Amino acid sequence: MWGSRLRGTYTHRMSGIDASRVRTRHFAQAKAEGLKISALTSYDALTAAIFDEAGIDLLLVGDSAANVVLGRETTLSVTIEEMITMARSVAEATRRAFVVVDLPFGSYETSAAQAVDTAVRFMKESGVAGVKLEGGVEVAPSIRRIVDAGIPVCAHIGFTPQSEHSLGGPVIQGRGAAAEKLLADALAVQEAGAFAVVIEMTPAAIAAQVTAELNIPVIGIGAGAGTDGQILVWQDAFGLNRGHKARFVRAYATLGEQLVAAARQYHEDVIGGQFPSAAESYEDN
Ligand code: KIV
């Protein structure tokens, strides 16, 4: 199995969730004790093993894969089958982190029964620990049914990329009077049984207020420092994505630039006859 070959040794965690395998109860404990939750996206076995080794608490196989893996303009076209393939590789390579997969657009909106069927399929075919779906009040009945089926659900409110056409693009949600809707959405998904909620692109003060009102953890992206945790798309966080950098992204590395330099060096070594060397070649006995 991929996981057993890829898993490494673990570094000491300074403070945060103390668990050899993160479960939903640890997120509840973290909320109660004021511990911050770290989360990143992952779409493949190698990064999953690396982020797991680094101590990231939650790995999301996000439908942002449509953008950062498949090169598509929006998240709308990614399929259940594409997501299952990626989710399985992440789940198999992970030992500690809680792995969640996004239910893709079109796989849960028709009815609560459709939502349960899709969630069950992901659990059976990918080995993840939970699912995430976008929306607030309107998806609460589906969240309830999925939770009743024994599947942990992470909700996602604020800017919800699957609705980007109706929202008018990636615009900040919850400003002014819209703060009330945001709070109503947050309370609805909590009431429906979600174990956590992602809140995306909202004013920091509103996200902090939602965080204070809820008793489930709120994980922010572009929602300021007052939430219970943070999530970023890994290609943004580590500088592999060299396109537009949103204000809320901090790039902890410059992997894109490093890869260009490394690939250029490889190209030059190949065309100049410097690679491979004798030490990088097999002898005949
Ligand atoms: O798909 C995704 O990567 C997400 C995060 C931005 C939260 O939903």
# chains A, B, ... in the order shown; residues from 1 in each chain; ligands from 1
call {"tool": "residues_near_ligand", "arguments": {"ligand": "ligand 1", "cutoff": "10 Å", "atoms": "only C-alpha atoms and all ligand atoms", "output": "JSON, numbers by chain"}}
result
{"A": [39, 40, 41, 42, 43, 59, 60, 61, 62, 63, 64, 65, 66, 67, 68, 75, 101, 102, 103, 104, 132, 133, 134, 155, 156, 157, 159, 160, 161, 162, 197, 198, 199, 200, 201, 219, 220, 221, 222, 230, 231, 232, 233, 234]}
call {"tool": "select_by_dssp", "arguments": {"residues": "region 43-266 of chain A", "states": "strand (DSSP E or B)", "output": "ChimeraX atom specification"}}
result
/A:58-61,98-102,130-135,153-158,196-200,218-221,229-232
call {"tool": "residues_around", "arguments": {"residues": "Leu182 (chain A)", "least_positions_apart": "3", "cutoff": "9 Å", "atoms": "only C-alpha atoms", "output": "PDB file with N, CA and C atoms, in the first residue's frame"}}
result
ATOM      1  N   GLY A 136     -25.316  26.692   3.250  1.00  0.00           N
ATOM      2  CA  GLY A 136     -25.737  26.862   4.633  1.00  0.00           C
ATOM      3  C   GLY A 136     -27.126  26.315   4.869  1.00  0.00           C
ATOM      4  N   ILE A 157     -19.237  27.669   4.203  1.00  0.00           N
ATOM      5  CA  ILE A 157     -20.098  28.839   3.995  1.00  0.00           C
ATOM      6  C   ILE A 157     -19.239  30.063   3.651  1.00  0.00           C
ATOM      7  N   GLY A 158     -19.911  31.192   3.445  1.00  0.00           N
ATOM      8  CA  GLY A 158     -19.206  32.385   2.984  1.00  0.00           C
ATOM      9  C   GLY A 158     -19.104  32.316   1.474  1.00  0.00           C
ATOM     10  N   GLN A 173     -17.975  37.744   1.213  1.00  0.00           N
ATOM     11  CA  GLN A 173     -19.351  37.483   1.649  1.00  0.00           C
ATOM     12  C   GLN A 173     -19.531  37.909   3.104  1.00  0.00           C
ATOM     13  N   GLY A 174     -20.736  38.322   3.441  1.00  0.00           N
ATOM     14  CA  GLY A 174     -21.054  38.583   4.852  1.00  0.00           C
ATOM     15  C   GLY A 174     -20.829  40.012   5.286  1.00  0.00           C
ATOM     16  N   ALA A 178     -25.448  41.372   5.118  1.00  0.00           N
ATOM     17  CA  ALA A 178     -25.268  39.960   4.764  1.00  0.00           C
ATOM     18  C   ALA A 178     -24.661  39.150   5.913  1.00  0.00           C
ATOM     19  N   ALA A 179     -24.167  39.841   6.944  1.00  0.00           N
ATOM     20  CA  ALA A 179     -23.599  39.136   8.095  1.00  0.00           C
ATOM     21  C   ALA A 179     -24.654  38.259   8.765  1.00  0.00           C
ATOM     22  N   ASP A 185     -26.542  30.772   8.352  1.00  0.00           N
ATOM     23  CA  ASP A 185     -25.977  29.588   7.679  1.00  0.00           C
ATOM     24  C   ASP A 185     -25.126  28.776   8.650  1.00  0.00           C
ATOM     25  N   ALA A 186     -24.301  29.496   9.418  1.00  0.00           N
ATOM     26  CA  ALA A 186     -23.402  28.816  10.361  1.00  0.00           C
ATOM     27  C   ALA A 186     -24.206  28.042  11.412  1.00  0.00           C
ATOM     28  N   LEU A 187     -25.235  28.686  11.936  1.00  0.00           N
ATOM     29  CA  LEU A 187     -26.047  28.014  12.968  1.00  0.00           C
ATOM     30  C   LEU A 187     -26.801  26.825  12.381  1.00  0.00           C
ATOM     31  N   ILE A 206     -16.513  39.585  11.200  1.00  0.00           N
ATOM     32  CA  ILE A 206     -17.722  38.757  11.091  1.00  0.00           C
ATOM     33  C   ILE A 206     -17.370  37.284  11.343  1.00  0.00           C
ATOM     34  N   ALA A 207     -16.237  36.855  10.767  1.00  0.00           N
ATOM     35  CA  ALA A 207     -15.819  35.462  10.979  1.00  0.00           C
ATOM     36  C   ALA A 207     -15.539  35.208  12.462  1.00  0.00           C
ATOM     37  N   VAL A 210     -18.880  34.828  14.180  1.00  0.00           N
ATOM     38  CA  VAL A 210     -19.453  33.494  13.917  1.00  0.00           C
ATOM     39  C   VAL A 210     -18.725  32.465  14.776  1.00  0.00           C
TER      40      VAL A 210
END
call {"tool": "closest_residue", "arguments": {"among": "A:Gly193, A:Gly55, A:Gly239, A:Gly106", "to": "Thr79 (chain A)", "atoms": "only C-alpha atoms"}}
result
A:Gly106
call {"tool": "atom_distance", "arguments": {"atom1": "CA of Val171 (chain A)", "atom2": "CA of Thr202 (chain A)"}}
result
8.8 Å
call {"tool": "closest_residue", "arguments": {"among": "A:Ala45, A:Ala261, A:Ala251, A:Ile146", "to": "Phe195 (chain A)", "atoms": "only C-alpha atoms"}}
result
A:Ile146
call {"tool": "residues_around", "arguments": {"residues": "Glu191 (chain A)", "least_positions_apart": "5", "cutoff": "10 Å", "atoms": "only C-alpha atoms", "output": "PyMOL selection string"}}
result
chain A and resi 137+140-141+143-144+185-186+214+216
call {"tool": "write_last_selection", "arguments": {"atoms": "all heavy atoms", "output": "mmCIF file, in the first residue's frame"}}
result
data_model
loop_
_atom_site.group_PDB
_atom_site.id
_atom_site.type_symbol
_atom_site.label_atom_id
_atom_site.label_comp_id
_atom_site.auth_asym_id
_atom_site.auth_seq_id
_atom_site.Cartn_x
_atom_site.Cartn_y
_atom_site.Cartn_z
ATOM 1 N N VAL A 137 -28.073 27.228 5.129
ATOM 2 C CA VAL A 137 -29.448 26.832 5.459
ATOM 3 C C VAL A 137 -30.002 25.830 4.446
ATOM 4 O O VAL A 137 -30.629 24.829 4.806
ATOM 5 C CB VAL A 137 -30.336 28.104 5.520
ATOM 6 C CG1 VAL A 137 -31.800 27.736 5.646
ATOM 7 C CG2 VAL A 137 -29.887 29.002 6.681
ATOM 8 N N ALA A 140 -28.691 22.249 4.859
ATOM 9 C CA ALA A 140 -28.745 21.683 6.215
ATOM 10 C C ALA A 140 -29.490 20.338 6.262
ATOM 11 O O ALA A 140 -29.014 19.399 6.923
ATOM 12 C CB ALA A 140 -29.351 22.697 7.191
ATOM 13 N N PRO A 141 -30.642 20.186 5.569
ATOM 14 C CA PRO A 141 -31.303 18.872 5.610
ATOM 15 C C PRO A 141 -30.423 17.748 5.058
ATOM 16 O O PRO A 141 -30.434 16.624 5.569
ATOM 17 C CB PRO A 141 -32.558 19.079 4.734
ATOM 18 C CG PRO A 141 -32.800 20.559 4.765
ATOM 19 C CD PRO A 141 -31.435 21.187 4.829
ATOM 20 N N ILE A 143 -27.093 17.731 5.109
ATOM 21 C CA ILE A 143 -26.051 17.486 6.122
ATOM 22 C C ILE A 143 -26.603 16.562 7.200
ATOM 23 O O ILE A 143 -25.969 15.582 7.591
ATOM 24 C CB ILE A 143 -25.547 18.820 6.730
ATOM 25 C CG1 ILE A 143 -24.791 19.627 5.675
ATOM 26 C CG2 ILE A 143 -24.661 18.562 7.961
ATOM 27 C CD1 ILE A 143 -24.311 20.990 6.137
ATOM 28 N N ARG A 144 -27.810 16.848 7.659
ATOM 29 C CA ARG A 144 -28.431 16.024 8.705
ATOM 30 C C ARG A 144 -28.521 14.558 8.267
ATOM 31 O O ARG A 144 -28.169 13.647 9.000
ATOM 32 C CB ARG A 144 -29.811 16.606 9.047
ATOM 33 C CG ARG A 144 -30.716 15.763 9.893
ATOM 34 C CD ARG A 144 -30.098 15.206 11.160
ATOM 35 N NE ARG A 144 -29.642 16.231 12.106
ATOM 36 C CZ ARG A 144 -28.747 16.032 13.075
ATOM 37 N NH1 ARG A 144 -28.190 14.836 13.241
ATOM 38 N NH2 ARG A 144 -28.396 16.999 13.876
ATOM 39 N N ASP A 185 -26.542 30.772 8.352
ATOM 40 C CA ASP A 185 -25.977 29.588 7.679
ATOM 41 C C ASP A 185 -25.126 28.776 8.650
ATOM 42 O O ASP A 185 -25.215 27.545 8.710
ATOM 43 C CB ASP A 185 -25.111 30.019 6.484
ATOM 44 C CG ASP A 185 -25.952 30.425 5.277
ATOM 45 O OD1 ASP A 185 -27.131 30.021 5.198
ATOM 46 O OD2 ASP A 185 -25.422 31.153 4.410
ATOM 47 N N ALA A 186 -24.301 29.496 9.418
ATOM 48 C CA ALA A 186 -23.402 28.816 10.361
ATOM 49 C C ALA A 186 -24.206 28.042 11.412
ATOM 50 O O ALA A 186 -23.907 26.880 11.718
ATOM 51 C CB ALA A 186 -22.488 29.841 11.029
ATOM 52 N N LEU A 214 -20.490 29.848 17.591
ATOM 53 C CA LEU A 214 -20.632 28.406 17.347
ATOM 54 C C LEU A 214 -19.901 27.580 18.386
ATOM 55 O O LEU A 214 -18.887 28.014 18.939
ATOM 56 C CB LEU A 214 -20.071 28.042 15.962
ATOM 57 C CG LEU A 214 -20.788 28.576 14.718
ATOM 58 C CD1 LEU A 214 -20.359 27.794 13.488
ATOM 59 C CD2 LEU A 214 -22.298 28.515 14.852
ATOM 60 N N ILE A 216 -19.005 24.439 17.287
ATOM 61 C CA ILE A 216 -18.154 23.581 16.446
ATOM 62 C C ILE A 216 -17.018 24.460 15.900
ATOM 63 O O ILE A 216 -17.182 25.689 15.795
ATOM 64 C CB ILE A 216 -18.943 22.916 15.286
ATOM 65 C CG1 ILE A 216 -19.596 23.971 14.381
ATOM 66 C CG2 ILE A 216 -19.959 21.929 15.830
ATOM 67 C CD1 ILE A 216 -20.205 23.391 13.097
#
call {"tool": "select_by_dssp", "arguments": {"residues": "region 19-165 of chain A", "states": "helix (DSSP H, G or I)", "output": "PyMOL selection string"}}
result
chain A and resi 24-33+45-53+65-68+80-93+112-126+137-148+161-165
